[in-house]
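A short write-up of the structure that comes next.
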Amino acid sequence: MRLSANIIQSAEQRTDPLGNREILLRSLAIPSIEHLSVTRDQFDTIDLSNNHIQRLENFPRLERLSCLYLGGNGINYVDGKNLKKNCPGLTTVILSGNGVKGWNVIGDLGSGCPKLDFLSLVGNPVTRRQHYRLYTIHKIPTLKVLDFQKVKQSERERAQRLASSAAGAAMESDARMEARAAAMSAASADDNAAFASTTYTNGENGTNTFEPGEGKSAEESFATQFTVEEKAKIRDMVA
């Protein structure tokens, strides 16, 4: 179900004991974020839990917004530039039970939410990666609570040491590669959408299968910009 203006206008609204205004848009099978300008920036909290959202993007200017509940979606991409520009007051983001697996997404959360102090990524694949907690603390230095556990000063110190180590440098290298893979995946999806909207066919059966080294758009770029080892890693990331 698309997040239409009518759905937003008819959604349940409430005020919590602290006087914060909240709008409930949960469990509606919403596939993407859109039309939130209809809220007229009247809410401190937006609850989009238990939908089908995969990309955290497309927010209008919402200066009042401080809290996003997004648990139980399939989010694996964050548009940090969009969040920083249009949701500058975000302090709490709940992403429990999503599909975040890349270091680059954590970096995008950090750059996109300069006031973020409460974050949950419980149940995301990225939490199973080595040094996940220390990496997240380093990339989002404003955090006070991560995965419902208070961030300790000793953890901040260990995170800083990790960032200065060879292991930290390798993680940053992986983050850059994962960001490039995400961009390539998005470009490929756009190409596929454009392809589907035309009558163009490639080959006898009208299909266009992906093979690195062939083609002139995302495929060609993939073939020329990455090493063989990087291509193998990227295929695993976007599989």
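Residues in the structure tokens are named by chain (A, B, ... in the order shown) and by number from 1 within that chain; ligands are numbered from 1 in the order shown.
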
Checklist entry - Counting only C-alpha atoms, what is within 10 Å of Gln160 in chain A, bar same-chain residues fewer than 3 positions away, as a VMD selection string? => result chain A and resid 134 to 135 137 to 139 154 to 157 163 to 165 168

Residues from the last selection, N, CA, C and O atoms, saved as a CSV table (one decimal), in the first residue's frame:
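Once everything was written out, this is result_15.csv:
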chain,number,residue,atom,x,y,z
A,134,LEU,N,32.2,-1.0,18.3
A,134,LEU,CA,33.2,0.1,18.3
A,134,LEU,C,33.2,0.9,17.1
A,134,LEU,O,33.4,2.2,17.1
A,135,TYR,N,33.0,0.3,15.9
A,135,TYR,CA,32.9,1.1,14.7
A,135,TYR,C,31.8,2.1,14.7
A,135,TYR,O,32.0,3.2,14.3
A,137,ILE,N,30.3,3.4,17.3
A,137,ILE,CA,30.5,4.5,18.3
A,137,ILE,C,31.5,5.5,17.7
A,137,ILE,O,31.3,6.7,17.9
A,138,HIS,N,32.5,5.0,16.9
A,138,HIS,CA,33.4,5.9,16.3
A,138,HIS,C,32.8,6.8,15.2
A,138,HIS,O,33.0,8.0,15.1
A,139,LYS,N,31.9,6.2,14.4
A,139,LYS,CA,31.3,6.9,13.2
A,139,LYS,C,30.2,7.8,13.7
A,139,LYS,O,29.9,8.8,13.0
A,154,SER,N,35.0,4.1,28.2
A,154,SER,CA,36.0,3.2,27.8
A,154,SER,C,35.8,2.6,26.4
A,154,SER,O,36.8,2.4,25.7
A,155,GLU,N,34.5,2.5,26.0
A,155,GLU,CA,34.2,2.1,24.6
A,155,GLU,C,34.6,3.2,23.6
A,155,GLU,O,35.1,2.9,22.5
A,156,ARG,N,34.4,4.4,24.0
A,156,ARG,CA,34.8,5.5,23.1
A,156,ARG,C,36.4,5.5,22.9
A,156,ARG,O,36.9,5.7,21.8
A,157,GLU,N,37.1,5.2,23.9
A,157,GLU,CA,38.5,5.2,23.9
A,157,GLU,C,39.0,4.0,23.0
A,157,GLU,O,39.9,4.1,22.2
A,163,ALA,N,40.0,2.9,15.3
A,163,ALA,CA,40.0,3.7,14.1
A,163,ALA,C,41.4,4.1,13.6
A,163,ALA,O,41.6,4.3,12.4
A,164,SER,N,42.3,4.1,14.6
A,164,SER,CA,43.7,4.5,14.2
A,164,SER,C,44.6,3.3,13.9
A,164,SER,O,45.8,3.4,13.5
A,165,SER,N,44.0,2.1,13.9
A,165,SER,CA,44.7,0.9,13.7
A,165,SER,C,44.6,0.4,12.2
A,165,SER,O,43.8,0.9,11.4
A,168,GLY,N,41.1,-0.8,11.6
A,168,GLY,CA,40.2,0.3,11.3
A,168,GLY,C,40.3,0.8,9.9
A,168,GLY,O,39.3,1.1,9.2

Next on the checklist: Could you list, as a list in words, every residue within 8 Å of Ala5 in chain A, counting only C-alpha atoms and ignoring same-chain residues fewer than 5 positions away?
Outcome noted: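 Everything that qualifies: His35, Leu36 and Val38 of chain A.
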
What parts of range 64-167 of chain A does DSSP call alpha helix (DSSP H)? I'd like the answer as a CSV table (one decimal) with C-alpha atoms, in the first residue's frame.
chain,number,residue,atom,x,y,z
A,80,GLY,CA,22.5,10.7,4.7
A,81,LYS,CA,22.4,13.9,2.6
A,82,ASN,CA,18.6,13.9,2.6
A,83,LEU,CA,18.4,13.4,6.3
A,84,LYS,CA,20.9,16.1,7.2
A,85,LYS,CA,19.2,18.6,4.9
A,86,ASN,CA,15.6,17.9,5.8
A,103,TRP,CA,29.6,-0.2,7.2
A,104,ASN,CA,28.7,2.5,4.7
A,105,VAL,CA,25.1,2.7,6.1
A,106,ILE,CA,26.4,3.4,9.6
A,107,GLY,CA,28.6,6.2,8.1
A,108,ASP,CA,25.6,7.6,6.3
A,109,LEU,CA,23.6,7.6,9.6
A,110,GLY,CA,26.4,9.4,11.3
A,111,SER,CA,26.8,12.1,8.6
A,112,GLY,CA,23.0,12.4,8.2
A,132,TYR,CA,30.5,-3.5,14.9
A,133,ARG,CA,29.8,-1.7,18.2
A,134,LEU,CA,33.2,0.1,18.3
A,135,TYR,CA,32.9,1.1,14.7
A,136,THR,CA,29.5,2.5,15.2
A,137,ILE,CA,30.5,4.5,18.3
A,138,HIS,CA,33.4,5.9,16.3
A,139,LYS,CA,31.3,6.9,13.2
A,153,GLN,CA,33.8,6.2,28.0
A,154,SER,CA,36.0,3.2,27.8
A,155,GLU,CA,34.2,2.1,24.6
A,156,ARG,CA,34.8,5.5,23.1
A,157,GLU,CA,38.5,5.2,23.9
A,158,ARG,CA,38.7,1.7,22.4
A,159,ALA,CA,36.8,2.9,19.3
A,160,GLN,CA,39.3,5.6,18.8
A,161,ARG,CA,42.2,3.2,19.0
A,162,LEU,CA,40.5,0.9,16.5
A,163,ALA,CA,40.0,3.7,14.1
A,166,ALA,CA,45.3,-1.2,10.5
A,167,ALA,CA,42.0,-3.0,11.2

Checklist entry - Which polymer residues have any atom within 8 Å of an atom of Tyr69 in chain A, counting only C-alpha atoms, with same-chain residues fewer than 4 positions away left out, as a list of chain:residue names? => result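 So the residues in contact are A:Thr45, A:Ile46, A:Asp47, A:Leu48, A:Ser49, A:Val93, A:Ile94, A:Leu95.
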
Item to check | Residue nearest Gln9 in chain A among A:Lys150, A:Ile53, A:Thr39, A:Arg26 (counting only C-alpha atoms) | outcome: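 Closest to Gln9 in chain A, using only C-alpha atoms: A:Thr39.
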
Checklist entry - Which residue out of A:Leu119, A:Ile23, A:Ala11, A:Met177 has the minimum interatomic distance to Gly102 in chain A when only C-alpha atoms are used? => result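 For Gly102 in chain A, the nearest of the candidates is A:Met177.
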
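Of the residues under consideration (A:Asn58, A:Thr91, A:Ser120, A:Ser37), A:Ser120 shows the shortest atom-to-atom contact distance to Gly71 in chain A when counting only C-alpha atoms.
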
Checklist outcome for this item: Separating CA of Asp174 in chain A from CA of Val78 in chain A, to the nearest tenth of an Å, is a gap of 16.9 Å

Item to check | Between CA of Arg129 in chain A and CA of Pro141 in chain A, distance in Å (one decimal) | outcome: 19.3 Å
